[in-house]
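A.B. asks: To be precise about what I am sending: the file is called model-v2.txt and holds compact mmCIF, N, CA and C atoms.
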# COMPACT_ATOMS: atom_id res chain seq x y z
N MET A 1 28.24 -39.03 -7.12
CA MET A 1 27.45 -37.84 -7.28
C MET A 1 25.98 -38.19 -7.38
N TYR A 2 25.20 -37.43 -6.68
CA TYR A 2 23.75 -37.62 -6.70
C TYR A 2 23.11 -36.61 -7.64
N LYS A 3 22.01 -37.01 -8.20
CA LYS A 3 21.23 -36.10 -9.04
C LYS A 3 20.18 -35.40 -8.19
N THR A 4 19.98 -34.14 -8.47
CA THR A 4 18.92 -33.40 -7.79
C THR A 4 17.62 -33.58 -8.55
N LYS A 5 16.56 -33.05 -8.02
CA LYS A 5 15.26 -33.13 -8.69
C LYS A 5 15.22 -32.25 -9.93
N LEU A 6 16.20 -31.36 -10.05
CA LEU A 6 16.31 -30.53 -11.25
C LEU A 6 16.99 -31.28 -12.40
N GLY A 7 17.61 -32.42 -12.09
CA GLY A 7 18.31 -33.19 -13.09
C GLY A 7 19.80 -32.89 -13.13
N LEU A 8 20.26 -31.92 -12.35
CA LEU A 8 21.69 -31.59 -12.26
C LEU A 8 22.31 -32.36 -11.11
N SER A 9 23.62 -32.52 -11.15
CA SER A 9 24.29 -33.17 -10.04
C SER A 9 24.29 -32.24 -8.82
N ASN A 10 24.41 -32.84 -7.64
CA ASN A 10 24.43 -32.02 -6.43
C ASN A 10 25.65 -31.10 -6.39
N CYS A 11 26.76 -31.54 -6.99
CA CYS A 11 27.97 -30.72 -7.05
C CYS A 11 27.75 -29.48 -7.91
N MET A 12 27.05 -29.67 -9.02
CA MET A 12 26.76 -28.55 -9.92
C MET A 12 25.88 -27.52 -9.22
N VAL A 13 24.87 -27.97 -8.53
CA VAL A 13 23.96 -27.04 -7.84
C VAL A 13 24.70 -26.31 -6.71
N ALA A 14 25.53 -27.02 -5.96
CA ALA A 14 26.30 -26.37 -4.89
C ALA A 14 27.28 -25.34 -5.47
N GLY A 15 27.93 -25.69 -6.57
CA GLY A 15 28.83 -24.74 -7.22
C GLY A 15 28.09 -23.50 -7.70
N ILE A 16 26.91 -23.70 -8.26
CA ILE A 16 26.11 -22.57 -8.73
C ILE A 16 25.69 -21.69 -7.55
N ILE A 17 25.36 -22.30 -6.43
CA ILE A 17 24.99 -21.52 -5.24
C ILE A 17 26.14 -20.62 -4.82
N PHE A 18 27.36 -21.17 -4.78
CA PHE A 18 28.50 -20.35 -4.37
C PHE A 18 28.83 -19.29 -5.42
N LEU A 19 28.64 -19.60 -6.70
CA LEU A 19 28.86 -18.57 -7.73
C LEU A 19 27.81 -17.46 -7.62
N LEU A 20 26.57 -17.82 -7.32
CA LEU A 20 25.55 -16.80 -7.11
C LEU A 20 25.85 -15.97 -5.87
N ALA A 21 26.43 -16.59 -4.85
CA ALA A 21 26.87 -15.83 -3.68
C ALA A 21 27.97 -14.84 -4.05
N LEU A 22 28.86 -15.27 -4.94
CA LEU A 22 29.93 -14.38 -5.41
C LEU A 22 29.35 -13.21 -6.20
N ILE A 23 28.40 -13.49 -7.09
CA ILE A 23 27.76 -12.42 -7.86
C ILE A 23 27.00 -11.48 -6.93
N THR A 24 26.35 -12.04 -5.93
CA THR A 24 25.64 -11.21 -4.95
C THR A 24 26.60 -10.30 -4.21
N SER A 25 27.80 -10.80 -3.90
CA SER A 25 28.77 -9.97 -3.18
C SER A 25 29.33 -8.86 -4.08
N PHE A 26 29.43 -9.10 -5.38
CA PHE A 26 29.91 -8.06 -6.29
C PHE A 26 28.89 -6.93 -6.41
N TYR A 27 27.62 -7.29 -6.44
CA TYR A 27 26.56 -6.30 -6.62
C TYR A 27 25.74 -6.16 -5.36
N SER A 28 26.40 -6.02 -4.23
CA SER A 28 25.69 -6.00 -2.95
C SER A 28 24.82 -4.76 -2.79
N ALA A 29 25.08 -3.71 -3.55
CA ALA A 29 24.26 -2.49 -3.43
C ALA A 29 22.88 -2.68 -4.06
N SER A 30 22.75 -3.64 -4.98
CA SER A 30 21.48 -3.86 -5.65
C SER A 30 20.90 -5.20 -5.21
N ILE A 31 19.77 -5.15 -4.56
CA ILE A 31 19.15 -6.35 -4.01
C ILE A 31 18.65 -7.30 -5.10
N ILE A 32 18.45 -6.80 -6.29
CA ILE A 32 17.91 -7.63 -7.37
C ILE A 32 18.85 -8.78 -7.73
N PHE A 33 20.15 -8.59 -7.52
CA PHE A 33 21.11 -9.64 -7.84
C PHE A 33 21.15 -10.74 -6.79
N ALA A 34 20.54 -10.51 -5.64
CA ALA A 34 20.52 -11.51 -4.57
C ALA A 34 19.38 -12.51 -4.74
N TRP A 35 18.36 -12.18 -5.52
CA TRP A 35 17.20 -13.07 -5.64
C TRP A 35 17.52 -14.45 -6.19
N PRO A 36 18.33 -14.59 -7.24
CA PRO A 36 18.64 -15.96 -7.69
C PRO A 36 19.31 -16.80 -6.60
N PHE A 37 20.21 -16.17 -5.85
CA PHE A 37 20.89 -16.86 -4.75
C PHE A 37 19.88 -17.30 -3.69
N VAL A 38 19.02 -16.40 -3.29
CA VAL A 38 18.03 -16.69 -2.26
C VAL A 38 17.06 -17.78 -2.72
N LEU A 39 16.59 -17.68 -3.95
CA LEU A 39 15.63 -18.67 -4.46
C LEU A 39 16.25 -20.06 -4.59
N LEU A 40 17.50 -20.14 -5.07
CA LEU A 40 18.14 -21.45 -5.21
C LEU A 40 18.41 -22.08 -3.84
N VAL A 41 18.85 -21.27 -2.89
CA VAL A 41 19.08 -21.80 -1.53
C VAL A 41 17.76 -22.27 -0.93
N ALA A 42 16.71 -21.48 -1.11
CA ALA A 42 15.40 -21.87 -0.58
C ALA A 42 14.91 -23.17 -1.22
N TYR A 43 15.11 -23.30 -2.53
CA TYR A 43 14.72 -24.53 -3.22
C TYR A 43 15.46 -25.74 -2.66
N VAL A 44 16.77 -25.60 -2.50
CA VAL A 44 17.58 -26.72 -2.00
C VAL A 44 17.14 -27.10 -0.60
N LEU A 45 16.90 -26.12 0.26
CA LEU A 45 16.52 -26.43 1.64
C LEU A 45 15.12 -27.03 1.73
N LEU A 46 14.23 -26.64 0.84
CA LEU A 46 12.86 -27.13 0.93
C LEU A 46 12.61 -28.42 0.15
N LYS A 47 13.25 -28.60 -0.98
CA LYS A 47 12.88 -29.69 -1.88
C LYS A 47 13.92 -30.81 -2.01
N GLU A 48 15.16 -30.54 -1.77
CA GLU A 48 16.19 -31.56 -1.98
C GLU A 48 16.42 -32.39 -0.72
N ASP A 49 16.87 -33.62 -0.92
CA ASP A 49 17.07 -34.54 0.20
C ASP A 49 18.55 -34.74 0.57
N ASP A 50 19.45 -34.35 -0.30
CA ASP A 50 20.88 -34.57 -0.10
C ASP A 50 21.41 -33.66 1.02
N LEU A 51 21.92 -34.26 2.09
CA LEU A 51 22.41 -33.49 3.23
C LEU A 51 23.65 -32.67 2.89
N TRP A 52 24.54 -33.21 2.04
CA TRP A 52 25.73 -32.45 1.66
C TRP A 52 25.33 -31.18 0.90
N LEU A 53 24.36 -31.29 0.02
CA LEU A 53 23.89 -30.13 -0.74
C LEU A 53 23.23 -29.12 0.18
N LYS A 54 22.42 -29.59 1.12
CA LYS A 54 21.80 -28.67 2.08
C LYS A 54 22.86 -27.99 2.94
N ALA A 55 23.85 -28.76 3.38
CA ALA A 55 24.93 -28.18 4.18
C ALA A 55 25.71 -27.14 3.38
N SER A 56 25.94 -27.41 2.10
CA SER A 56 26.63 -26.44 1.25
C SER A 56 25.82 -25.17 1.09
N ALA A 57 24.51 -25.31 0.93
CA ALA A 57 23.65 -24.12 0.80
C ALA A 57 23.66 -23.29 2.08
N ILE A 58 23.57 -23.97 3.20
CA ILE A 58 23.61 -23.25 4.48
C ILE A 58 24.97 -22.60 4.68
N LYS A 59 26.04 -23.30 4.31
CA LYS A 59 27.38 -22.74 4.43
C LYS A 59 27.51 -21.48 3.57
N ALA A 60 26.95 -21.50 2.38
CA ALA A 60 26.99 -20.33 1.51
C ALA A 60 26.29 -19.15 2.16
N VAL A 61 25.13 -19.40 2.74
CA VAL A 61 24.38 -18.33 3.40
C VAL A 61 25.16 -17.78 4.59
N LEU A 62 25.73 -18.67 5.40
CA LEU A 62 26.47 -18.22 6.58
C LEU A 62 27.74 -17.46 6.20
N VAL A 63 28.41 -17.90 5.14
CA VAL A 63 29.61 -17.18 4.69
C VAL A 63 29.23 -15.80 4.18
N VAL A 64 28.14 -15.70 3.42
CA VAL A 64 27.69 -14.39 2.93
C VAL A 64 27.32 -13.49 4.11
N LEU A 65 26.64 -14.04 5.10
CA LEU A 65 26.29 -13.24 6.28
C LEU A 65 27.53 -12.78 7.04
N LEU A 66 28.53 -13.64 7.13
CA LEU A 66 29.79 -13.26 7.78
C LEU A 66 30.44 -12.11 7.02
N PHE A 67 30.43 -12.20 5.71
CA PHE A 67 31.06 -11.15 4.91
C PHE A 67 30.22 -9.87 4.89
N ILE A 68 28.98 -9.95 5.31
CA ILE A 68 28.18 -8.73 5.48
C ILE A 68 28.46 -8.13 6.86
N LEU A 69 28.69 -8.98 7.85
CA LEU A 69 28.90 -8.51 9.22
C LEU A 69 30.22 -7.76 9.41
N VAL A 70 31.28 -8.21 8.78
CA VAL A 70 32.59 -7.61 9.02
C VAL A 70 32.64 -6.15 8.57
N PRO A 71 32.13 -5.79 7.37
CA PRO A 71 32.11 -4.36 7.05
C PRO A 71 31.26 -3.53 8.01
N VAL A 72 30.23 -4.14 8.60
CA VAL A 72 29.45 -3.44 9.61
C VAL A 72 30.34 -3.13 10.82
N LEU A 73 31.19 -4.08 11.19
CA LEU A 73 32.12 -3.85 12.30
C LEU A 73 33.13 -2.76 11.96
N PHE A 74 33.62 -2.74 10.71
CA PHE A 74 34.51 -1.65 10.28
C PHE A 74 33.80 -0.31 10.38
N SER A 75 32.54 -0.28 10.00
CA SER A 75 31.75 0.94 10.10
C SER A 75 31.58 1.35 11.55
N PHE A 76 31.41 0.38 12.43
CA PHE A 76 31.30 0.67 13.86
C PHE A 76 32.57 1.33 14.38
N VAL A 77 33.73 0.85 13.93
CA VAL A 77 35.00 1.46 14.35
C VAL A 77 35.07 2.90 13.87
N ASN A 78 34.68 3.16 12.61
CA ASN A 78 34.66 4.53 12.12
C ASN A 78 33.73 5.41 12.94
N ASN A 79 32.55 4.90 13.26
CA ASN A 79 31.59 5.68 14.07
C ASN A 79 32.13 5.94 15.47
N PHE A 80 32.81 4.97 16.04
CA PHE A 80 33.38 5.14 17.38
C PHE A 80 34.46 6.22 17.36
N ILE A 81 35.29 6.22 16.32
CA ILE A 81 36.33 7.25 16.21
C ILE A 81 35.69 8.63 16.05
N GLU A 82 34.64 8.73 15.25
CA GLU A 82 33.93 10.01 15.11
C GLU A 82 33.30 10.45 16.42
N PHE A 83 32.79 9.50 17.19
CA PHE A 83 32.20 9.81 18.50
C PHE A 83 33.26 10.39 19.43
N ILE A 84 34.42 9.77 19.46
CA ILE A 84 35.51 10.26 20.31
C ILE A 84 35.97 11.64 19.82
N ASN A 85 36.07 11.81 18.50
CA ASN A 85 36.50 13.09 17.95
C ASN A 85 35.52 14.22 18.30
N PHE A 86 34.25 13.91 18.40
CA PHE A 86 33.26 14.92 18.78
C PHE A 86 33.63 15.53 20.13
N PHE A 87 33.95 14.67 21.09
CA PHE A 87 34.29 15.17 22.42
C PHE A 87 35.68 15.78 22.46
N LEU A 88 36.59 15.29 21.64
CA LEU A 88 37.92 15.90 21.59
C LEU A 88 37.85 17.31 20.99
N LYS A 89 36.97 17.53 20.04
CA LYS A 89 36.80 18.87 19.48
C LYS A 89 36.19 19.82 20.49
N ILE A 90 35.27 19.32 21.30
CA ILE A 90 34.68 20.16 22.35
C ILE A 90 35.76 20.58 23.35
N ALA A 91 36.68 19.68 23.63
CA ALA A 91 37.76 19.96 24.59
C ALA A 91 38.91 20.73 23.95
N ASN A 92 38.76 21.10 22.68
CA ASN A 92 39.81 21.82 21.93
C ASN A 92 41.14 21.08 21.92
N THR A 93 41.08 19.77 21.73
CA THR A 93 42.29 18.97 21.59
C THR A 93 42.34 18.42 20.17
N THR A 94 43.44 17.80 19.85
CA THR A 94 43.63 17.26 18.51
C THR A 94 42.79 15.99 18.34
N PRO A 95 41.94 15.96 17.32
CA PRO A 95 41.11 14.77 17.11
C PRO A 95 41.95 13.60 16.55
N ILE A 96 41.41 12.42 16.70
CA ILE A 96 42.04 11.22 16.15
C ILE A 96 41.87 11.26 14.64
N ALA A 97 42.97 11.10 13.92
CA ALA A 97 42.88 11.16 12.46
C ALA A 97 43.34 9.85 11.85
N ASP A 98 42.62 9.45 10.83
CA ASP A 98 43.01 8.28 10.05
C ASP A 98 43.56 8.80 8.72
N GLY A 99 44.69 9.44 8.80
CA GLY A 99 45.28 10.13 7.65
C GLY A 99 45.60 9.21 6.49
N TRP A 100 45.96 7.98 6.78
CA TRP A 100 46.30 7.04 5.71
C TRP A 100 45.13 6.16 5.33
N ASN A 101 43.99 6.40 5.92
CA ASN A 101 42.77 5.63 5.65
C ASN A 101 43.01 4.13 5.85
N ILE A 102 43.53 3.81 7.02
CA ILE A 102 43.86 2.42 7.34
C ILE A 102 42.61 1.54 7.37
N ILE A 103 41.53 2.06 7.91
CA ILE A 103 40.29 1.28 7.96
C ILE A 103 39.78 1.00 6.55
N GLY A 104 39.87 2.00 5.66
CA GLY A 104 39.48 1.80 4.26
C GLY A 104 40.36 0.75 3.59
N PHE A 105 41.66 0.74 3.94
CA PHE A 105 42.58 -0.26 3.39
C PHE A 105 42.17 -1.66 3.82
N PHE A 106 41.84 -1.83 5.10
CA PHE A 106 41.41 -3.14 5.59
C PHE A 106 40.09 -3.57 4.98
N GLU A 107 39.18 -2.62 4.76
CA GLU A 107 37.93 -2.95 4.08
C GLU A 107 38.19 -3.45 2.67
N MET A 108 39.13 -2.81 1.96
CA MET A 108 39.46 -3.22 0.60
C MET A 108 40.10 -4.61 0.59
N ILE A 109 41.03 -4.86 1.51
CA ILE A 109 41.66 -6.17 1.60
C ILE A 109 40.63 -7.24 1.93
N PHE A 110 39.73 -6.94 2.85
CA PHE A 110 38.69 -7.90 3.22
C PHE A 110 37.77 -8.19 2.04
N ASP A 111 37.47 -7.18 1.24
CA ASP A 111 36.63 -7.37 0.06
C ASP A 111 37.31 -8.31 -0.94
N ILE A 112 38.60 -8.15 -1.13
CA ILE A 112 39.35 -9.04 -2.03
C ILE A 112 39.36 -10.47 -1.49
N ILE A 113 39.58 -10.61 -0.19
CA ILE A 113 39.58 -11.94 0.43
C ILE A 113 38.21 -12.60 0.28
N GLU A 114 37.15 -11.81 0.43
CA GLU A 114 35.79 -12.34 0.26
C GLU A 114 35.59 -12.93 -1.13
N LYS A 115 35.99 -12.18 -2.16
CA LYS A 115 35.79 -12.65 -3.54
C LYS A 115 36.60 -13.92 -3.81
N ILE A 116 37.84 -13.94 -3.37
CA ILE A 116 38.70 -15.11 -3.59
C ILE A 116 38.15 -16.33 -2.84
N PHE A 117 37.71 -16.12 -1.61
CA PHE A 117 37.20 -17.23 -0.81
C PHE A 117 35.94 -17.83 -1.42
N LEU A 118 35.01 -16.98 -1.88
CA LEU A 118 33.80 -17.50 -2.51
C LEU A 118 34.12 -18.22 -3.82
N LEU A 119 35.10 -17.73 -4.55
CA LEU A 119 35.51 -18.40 -5.79
C LEU A 119 36.11 -19.78 -5.49
N ILE A 120 36.93 -19.86 -4.46
CA ILE A 120 37.51 -21.15 -4.06
C ILE A 120 36.41 -22.12 -3.62
N LEU A 121 35.46 -21.62 -2.83
CA LEU A 121 34.36 -22.47 -2.39
C LEU A 121 33.54 -22.98 -3.57
N SER A 122 33.35 -22.13 -4.57
CA SER A 122 32.56 -22.58 -5.73
C SER A 122 33.30 -23.63 -6.53
N PHE A 123 34.60 -23.45 -6.76
CA PHE A 123 35.37 -24.46 -7.50
C PHE A 123 35.41 -25.78 -6.75
N LEU A 124 35.57 -25.72 -5.43
CA LEU A 124 35.58 -26.95 -4.65
C LEU A 124 34.20 -27.63 -4.66
N ALA A 125 33.15 -26.84 -4.64
CA ALA A 125 31.80 -27.41 -4.66
C ALA A 125 31.54 -28.13 -5.99
N PHE A 126 32.06 -27.58 -7.09
CA PHE A 126 31.89 -28.25 -8.38
C PHE A 126 32.58 -29.61 -8.38
N LYS A 127 33.62 -29.77 -7.55
CA LYS A 127 34.34 -31.04 -7.46
C LYS A 127 33.75 -31.95 -6.38
N GLY A 128 32.76 -31.46 -5.64
CA GLY A 128 32.16 -32.26 -4.58
C GLY A 128 32.91 -32.18 -3.27
N LYS A 129 33.76 -31.18 -3.12
CA LYS A 129 34.54 -31.00 -1.89
C LYS A 129 34.10 -29.70 -1.22
N THR A 130 34.65 -29.47 -0.05
CA THR A 130 34.35 -28.24 0.67
C THR A 130 35.53 -27.85 1.53
N VAL A 131 35.54 -26.61 1.96
CA VAL A 131 36.56 -26.11 2.89
C VAL A 131 36.01 -26.31 4.30
N LYS A 132 36.84 -26.83 5.16
CA LYS A 132 36.43 -27.04 6.55
C LYS A 132 36.50 -25.71 7.29
N LEU A 133 35.36 -25.25 7.74
CA LEU A 133 35.25 -24.05 8.57
C LEU A 133 34.68 -24.51 9.90
N PRO A 134 35.53 -24.73 10.91
CA PRO A 134 35.09 -25.41 12.13
C PRO A 134 33.85 -24.82 12.79
N ILE A 135 33.78 -23.52 12.95
CA ILE A 135 32.63 -22.94 13.65
C ILE A 135 31.36 -23.12 12.82
N ILE A 136 31.45 -22.81 11.54
CA ILE A 136 30.28 -22.93 10.66
C ILE A 136 29.89 -24.39 10.49
N ASP A 137 30.86 -25.28 10.29
CA ASP A 137 30.56 -26.70 10.14
C ASP A 137 29.91 -27.29 11.38
N ASN A 138 30.36 -26.87 12.57
CA ASN A 138 29.74 -27.35 13.80
C ASN A 138 28.30 -26.88 13.93
N MET A 139 28.04 -25.61 13.55
CA MET A 139 26.66 -25.11 13.59
C MET A 139 25.78 -25.87 12.62
N ILE A 140 26.30 -26.12 11.42
CA ILE A 140 25.51 -26.85 10.42
C ILE A 140 25.23 -28.27 10.90
N ARG A 141 26.24 -28.94 11.40
CA ARG A 141 26.09 -30.31 11.88
C ARG A 141 25.09 -30.39 13.03
N LYS A 142 25.11 -29.39 13.90
CA LYS A 142 24.24 -29.38 15.06
C LYS A 142 22.78 -29.17 14.67
N HIS A 143 22.53 -28.29 13.68
CA HIS A 143 21.15 -27.90 13.38
C HIS A 143 20.55 -28.55 12.15
N LEU A 144 21.36 -29.20 11.33
CA LEU A 144 20.83 -29.85 10.14
C LEU A 144 20.55 -31.31 10.47
N SER A 145 19.32 -31.71 10.26
CA SER A 145 18.98 -33.09 10.59
C SER A 145 18.86 -33.94 9.36
For the file at hand, write its structure as structure tokens.

C.D. replies:
Amino acid sequence: MYKTKLGLSNCMVAGIIFLLALITSFYSASIIFAWPFVLLVAYVLLKEDDLWLKASAIKAVLVVLLFILVPVLFSFVNNFIEFINFFLKIANTTPIADGWNIIGFFEMIFDIIEKIFLLILSFLAFKGKTVKLPIIDNMIRKHLS
């Protein structure tokens, strides 16, 4: 384990980054809870020399961005269904109905998966390990020097 310039181990800082990402995901409606996460990631990327710690910080940011993108896609599906229903109502036909709120169910399941995944990443970071995410790891390896 390496020590950071803050005096903490690199594993501790990486674990804290993932825990802050988890807290940010719980309070995503309030931007004020994202500032500690953003500031710690910025500090690690600008001031620390440990590549594993930098890769962990970038992985945290990319995972958070992924978990922001998927609900946007769910919203796009809802908007597309509403768009189709607009024209179906004009044609006096039966609109598409999501009577069981299936999209809402998938959003809820995805939200639970997000929280569990960030918690697992934080516990592994405290131990100095990480989860292999091939696409994200390849991007990090390619762009982190």

A.B. asks: What is the CA of Phe117 (chain A)-atom C of Asn79 (chain A) distance in Å, reported with one decimal?

C.D. replies: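 We find that CA of Phe117 (chain A) and atom C of Asn79 (chain A) lie 28.8 Å from each other.
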
A.B. asks: Give me every helix (DSSP H, G or I) residue in chain A, going by DSSP on the backbone, as a PyMOL selection string.

C.D. replies: chain A and resi 10-26+31-47+51-90+102-126+134-143

A.B. asks: Residues at most 8 Å from region 101-104 of chain A, counting all atoms listed in the file, excluding those fewer than 6 positions away in the same chain, as a tab-separated table (two decimals) with N, CA and C atoms, in the frame of the given file?

C.D. replies:
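Saved the output as out.tsv:
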chain	number	residue	atom	x	y	z
A	74	PHE	N	33.62	-2.74	10.71
A	74	PHE	CA	34.51	-1.65	10.28
A	74	PHE	C	33.80	-0.31	10.38
A	78	ASN	N	34.68	3.16	12.61
A	78	ASN	CA	34.66	4.53	12.12
A	78	ASN	C	33.73	5.41	12.94
A	110	PHE	N	39.73	-6.94	2.85
A	110	PHE	CA	38.69	-7.90	3.22
A	110	PHE	C	37.77	-8.19	2.04

A.B. asks: Applying 9 Å and only C-alpha atoms, which residues near Pro71 (chain A) remain after dropping the ones on its own chain fewer than 5 positions away? List them as a PyMOL selection string.

C.D. replies: chain A and resi 76+107+110-111

A.B. asks: Choose the residue, out of A:Ser30, A:Ser25, A:Ala97, A:Ile81, that has the smallest atom-to-atom separation from Val64 (chain A); count all atoms listed in the file.

C.D. replies: A:Ser25

A.B. asks: As an exercise, work out the distance from CA of Leu133 (chain A) to CA of Val70 (chain A) in Å and give it to one decimal place.

C.D. replies: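 CA of Val70 (chain A) lies at a distance of 16.7 Å from CA of Leu133 (chain A).
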
A.B. asks: Atom N of Leu51 (chain A) and CA of Thr4 (chain A) are how many Å apart?

C.D. replies: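 Interatomic distance here is 10.4 Å.
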
A.B. asks: Using only C-alpha atoms, which of A:Ile84, A:Phe123, A:Ile116, A:Pro36 sits nearest Met12 (chain A)?

C.D. replies: A:Phe123

A.B. asks: From the list A:Lys127, A:Leu22, A:Met108, A:Glu114, which residue is nearest Phe67 (chain A) when using only N, CA and C atoms?

C.D. replies: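 Closest candidate: A:Glu114.
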
A.B. asks: Padding 8 Å on every side, please: axis-aligned box over the listed atoms of region 56-61 of chain A, centre and edge lengths to one decimal in Å, as AutoDock Vina command-line options.

C.D. replies:
--center_x 25.5 --center_y -22.6 --center_z 2.7 --size_x 19.9 --size_y 25.6 --size_z 19.9
